[in-house]
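A short worksheet on the structure shown next.
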Amino acid sequence: MVVKQSGLGRRLRIEARRISSQHRQLDELYALLVKALDEGVQGPVRRGFERFRDALEAHFSMEDNVHFPALHGLRPELDGLLTRLVDEHRTLRDKLARVQDAFLAGDLETGLERLDAFAEELAEHEDREEDLVAELRRDASAGS
Ligand SMILES: [Fe+2]
Ligand SMILES: [Fe+2]
């Protein structure tokens with residue numbers, strides 16, 4: 001039983017660390033996109049947007065298909081929260097697509113407004129996940 005418990009703690013720690021480190025990578029890519037937008041040169045803006053969008057999609061996909069199912073297996077009581085987080089991924093994908101629509105249409109002002117609103121919502125979403133990660137880390141170090 002002791003072996004099983006420490007294995008569970010280790011797996012919770014691994015999932016928590018992966019989610020957190022991907023959030024940091026996304027923050028860095030977002031900062032690069034904002035810097036490119038400030039400089040206002042079309043090529044770097046397009047590349048910055050595509051890199052951020054692709055990394056975000058890869059991250060959401062990992063959470064939807066790997067991390068959250070793993071957490072659900074370890075902690076079935078998280079079902080409600082995990083379902084909410086997956087729903088939020090859908091909304092955030094749609095909102096980022098609408099940012100892209102505005103940029104592609106050449107409407108920079110609308111694109112920037114939508115990007116700000118998107119970034120705020122993404123930050124709140126990540127805060128919820130970071131709270132979950134912190135809780136899992138506490139549980140893992142408590143040996144559950
Ligand atoms: Fe997420
Ligand atoms: Fe996340």
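By convention here, the chains of the structure tokens are called A, B, ... in the order presented, each chain's residues are numbered starting at 1, and ligands are numbered starting at 1 in the order presented.
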Next item on the list: Kindly provide, as a PyMOL selection string, all nucleotide and amino acid residues lying within 7 Å of ligand 1, counting only C-alpha atoms and all ligand atoms.
Entry: chain A and resi 60+63+85-86+89+125-126+129
Margin query: as a ChimeraX atom specification, please: every protein or nucleic acid residue near ligand 2 (cut-off 12 Å, counting only C-alpha atoms and all ligand atoms).
Written below: /A:15-27,55-64,66-68,82,85-86,88-89,92,122-133
Write out the residues from the selection above, keeping N, CA and C atoms, as a short mmCIF file (atom, residue, chain, number, x, y, z; two decimals), in the first residue's frame.
```cif
data_model
loop_
_atom_site.label_atom_id
_atom_site.label_comp_id
_atom_site.auth_asym_id
_atom_site.auth_seq_id
_atom_site.Cartn_x
_atom_site.Cartn_y
_atom_site.Cartn_z
N GLU A 15 2.15 15.27 -13.38
CA GLU A 15 1.08 15.97 -14.12
C GLU A 15 1.09 17.46 -13.77
N ALA A 16 1.24 17.76 -12.48
CA ALA A 16 1.22 19.15 -12.02
C ALA A 16 2.37 19.93 -12.65
N ARG A 17 3.56 19.34 -12.68
CA ARG A 17 4.73 20.03 -13.21
C ARG A 17 4.58 20.28 -14.71
N ARG A 18 4.06 19.29 -15.43
CA ARG A 18 3.89 19.45 -16.89
C ARG A 18 2.94 20.59 -17.22
N ILE A 19 1.81 20.63 -16.53
CA ILE A 19 0.82 21.68 -16.81
C ILE A 19 1.43 23.05 -16.53
N SER A 20 2.09 23.17 -15.38
CA SER A 20 2.68 24.45 -14.99
C SER A 20 3.76 24.91 -15.95
N SER A 21 4.62 24.00 -16.39
CA SER A 21 5.72 24.44 -17.25
C SER A 21 5.19 24.82 -18.63
N GLN A 22 4.12 24.17 -19.09
CA GLN A 22 3.53 24.59 -20.37
C GLN A 22 2.89 25.97 -20.25
N HIS A 23 2.32 26.29 -19.09
CA HIS A 23 1.76 27.64 -18.91
C HIS A 23 2.86 28.70 -19.03
N ARG A 24 4.01 28.40 -18.45
CA ARG A 24 5.12 29.38 -18.54
C ARG A 24 5.56 29.56 -19.99
N GLN A 25 5.62 28.44 -20.74
CA GLN A 25 6.01 28.54 -22.16
C GLN A 25 4.99 29.39 -22.94
N LEU A 26 3.70 29.17 -22.64
CA LEU A 26 2.66 29.96 -23.33
C LEU A 26 2.78 31.43 -23.00
N ASP A 27 3.07 31.73 -21.73
CA ASP A 27 3.24 33.14 -21.32
C ASP A 27 4.38 33.78 -22.11
N ALA A 55 0.96 26.57 -30.13
CA ALA A 55 1.37 26.09 -28.80
C ALA A 55 0.15 25.96 -27.88
N LEU A 56 -0.77 26.93 -27.99
CA LEU A 56 -1.97 26.88 -27.16
C LEU A 56 -2.81 25.66 -27.53
N GLU A 57 -2.96 25.42 -28.83
CA GLU A 57 -3.76 24.28 -29.27
C GLU A 57 -3.11 22.97 -28.78
N ALA A 58 -1.78 22.88 -28.88
CA ALA A 58 -1.07 21.68 -28.42
C ALA A 58 -1.29 21.49 -26.91
N HIS A 59 -1.25 22.61 -26.18
CA HIS A 59 -1.43 22.54 -24.72
C HIS A 59 -2.86 22.11 -24.36
N PHE A 60 -3.85 22.75 -24.99
CA PHE A 60 -5.24 22.37 -24.72
C PHE A 60 -5.46 20.90 -25.05
N SER A 61 -4.92 20.50 -26.18
CA SER A 61 -5.10 19.11 -26.61
C SER A 61 -4.47 18.13 -25.61
N MET A 62 -3.29 18.49 -25.08
CA MET A 62 -2.65 17.63 -24.07
C MET A 62 -3.49 17.58 -22.79
N GLU A 63 -4.01 18.75 -22.39
CA GLU A 63 -4.84 18.75 -21.18
C GLU A 63 -6.12 17.93 -21.41
N ASP A 64 -6.78 18.15 -22.55
CA ASP A 64 -8.05 17.46 -22.83
C ASP A 64 -7.85 15.94 -22.91
N VAL A 66 -4.77 14.01 -22.35
CA VAL A 66 -3.77 13.28 -21.56
C VAL A 66 -3.83 13.66 -20.08
N HIS A 67 -3.57 14.96 -19.78
CA HIS A 67 -3.44 15.34 -18.37
C HIS A 67 -4.75 15.18 -17.61
N PHE A 68 -5.84 15.74 -18.16
CA PHE A 68 -7.09 15.71 -17.41
C PHE A 68 -7.64 14.28 -17.26
N LEU A 82 -12.85 19.53 -14.00
CA LEU A 82 -12.16 19.17 -15.26
C LEU A 82 -13.09 19.38 -16.45
N LEU A 85 -13.12 23.03 -17.20
CA LEU A 85 -11.89 23.49 -17.85
C LEU A 85 -11.87 23.10 -19.33
N VAL A 86 -12.36 21.91 -19.65
CA VAL A 86 -12.42 21.48 -21.06
C VAL A 86 -13.40 22.37 -21.83
N GLU A 88 -14.07 25.45 -21.16
CA GLU A 88 -13.40 26.74 -21.34
C GLU A 88 -12.40 26.69 -22.50
N HIS A 89 -11.75 25.55 -22.69
CA HIS A 89 -10.85 25.42 -23.85
C HIS A 89 -11.61 25.70 -25.14
N LEU A 92 -12.27 29.41 -25.45
CA LEU A 92 -11.02 30.15 -25.73
C LEU A 92 -10.55 29.92 -27.16
N LEU A 122 -7.95 33.86 -20.67
CA LEU A 122 -6.96 32.77 -20.59
C LEU A 122 -6.24 32.82 -19.24
N ALA A 123 -5.91 34.03 -18.78
CA ALA A 123 -5.20 34.16 -17.50
C ALA A 123 -6.07 33.62 -16.36
N GLU A 124 -7.37 33.92 -16.40
CA GLU A 124 -8.27 33.41 -15.34
C GLU A 124 -8.36 31.88 -15.40
N HIS A 125 -8.42 31.37 -16.63
CA HIS A 125 -8.46 29.92 -16.82
C HIS A 125 -7.19 29.27 -16.25
N GLU A 126 -6.04 29.84 -16.59
CA GLU A 126 -4.78 29.28 -16.11
C GLU A 126 -4.67 29.39 -14.59
N ASP A 127 -5.21 30.48 -14.02
CA ASP A 127 -5.20 30.62 -12.55
C ASP A 127 -5.97 29.46 -11.91
N ARG A 128 -7.11 29.12 -12.50
CA ARG A 128 -7.89 28.00 -11.96
C ARG A 128 -7.08 26.71 -12.02
N GLU A 129 -6.38 26.53 -13.15
CA GLU A 129 -5.56 25.31 -13.29
C GLU A 129 -4.36 25.33 -12.33
N GLU A 130 -3.76 26.52 -12.15
CA GLU A 130 -2.62 26.61 -11.23
C GLU A 130 -3.05 26.34 -9.79
N ASP A 131 -4.27 26.78 -9.44
CA ASP A 131 -4.79 26.46 -8.10
C ASP A 131 -4.92 24.95 -7.94
N LEU A 132 -5.42 24.31 -8.99
CA LEU A 132 -5.56 22.85 -8.96
C LEU A 132 -4.19 22.18 -8.83
N VAL A 133 -3.24 22.69 -9.63
CA VAL A 133 -1.88 22.13 -9.60
C VAL A 133 -1.27 22.28 -8.20
#
```
Notebook entry, point to check: Can you tell me, as a ChimeraX atom specification, what residues are no more than 12 Å from range 109-119 of chain A when counting only C-alpha atoms, ignoring any on the same chain fewer than 6 positions away?
Noted result: /A:26-27,30-31,33-34,37-38,40,45,49,52-53,56,88-89,91-103,125-126
Please, could you write that set of residues out with C-alpha atoms as a short mmCIF file (atom, residue, chain, number, x, y, z; two decimals), in the first residue's frame?
```
data_model
loop_
_atom_site.label_atom_id
_atom_site.label_comp_id
_atom_site.auth_asym_id
_atom_site.auth_seq_id
_atom_site.Cartn_x
_atom_site.Cartn_y
_atom_site.Cartn_z
CA LEU A 26 2.66 29.96 -23.33
CA ASP A 27 3.24 33.14 -21.32
CA TYR A 30 2.33 35.52 -25.68
CA ALA A 31 4.90 38.11 -24.55
CA LEU A 33 3.47 38.18 -29.77
CA VAL A 34 2.72 41.38 -27.83
CA LEU A 37 2.43 43.75 -32.20
CA ASP A 38 4.08 46.74 -30.50
CA GLY A 40 3.98 46.52 -35.82
CA VAL A 45 3.24 39.50 -36.00
CA PHE A 49 0.46 34.72 -33.66
CA PHE A 52 1.24 31.16 -29.90
CA ARG A 53 -1.92 29.69 -31.44
CA LEU A 56 -1.97 26.88 -27.16
CA GLU A 88 -13.40 26.74 -21.34
CA HIS A 89 -10.85 25.42 -23.85
CA THR A 91 -14.64 28.96 -25.70
CA LEU A 92 -11.02 30.15 -25.73
CA ARG A 93 -10.36 28.43 -29.08
CA ASP A 94 -13.36 30.23 -30.57
CA LYS A 95 -12.26 33.57 -29.15
CA LEU A 96 -8.73 33.21 -30.49
CA ALA A 97 -10.17 32.31 -33.92
CA ARG A 98 -12.13 35.59 -33.78
CA VAL A 99 -8.93 37.48 -32.97
CA GLN A 100 -7.37 35.88 -36.05
CA ASP A 101 -10.41 36.77 -38.19
CA ALA A 102 -9.99 40.44 -37.27
CA PHE A 103 -6.25 40.43 -37.98
CA HIS A 125 -8.46 29.92 -16.82
CA GLU A 126 -4.78 29.28 -16.11
#
```
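CA of Glu28 in chain A is positioned 10.9 Å from CA of Arg51 in chain A.
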Note to self: as a VMD selection string, please: the residues near Arg137 in chain A (cut-off 7 Å, only C-alpha atoms, same-chain neighbours under 2 positions excluded).
What the structure shows: chain A and resid 12 to 13 16 133 to 135 139 to 141
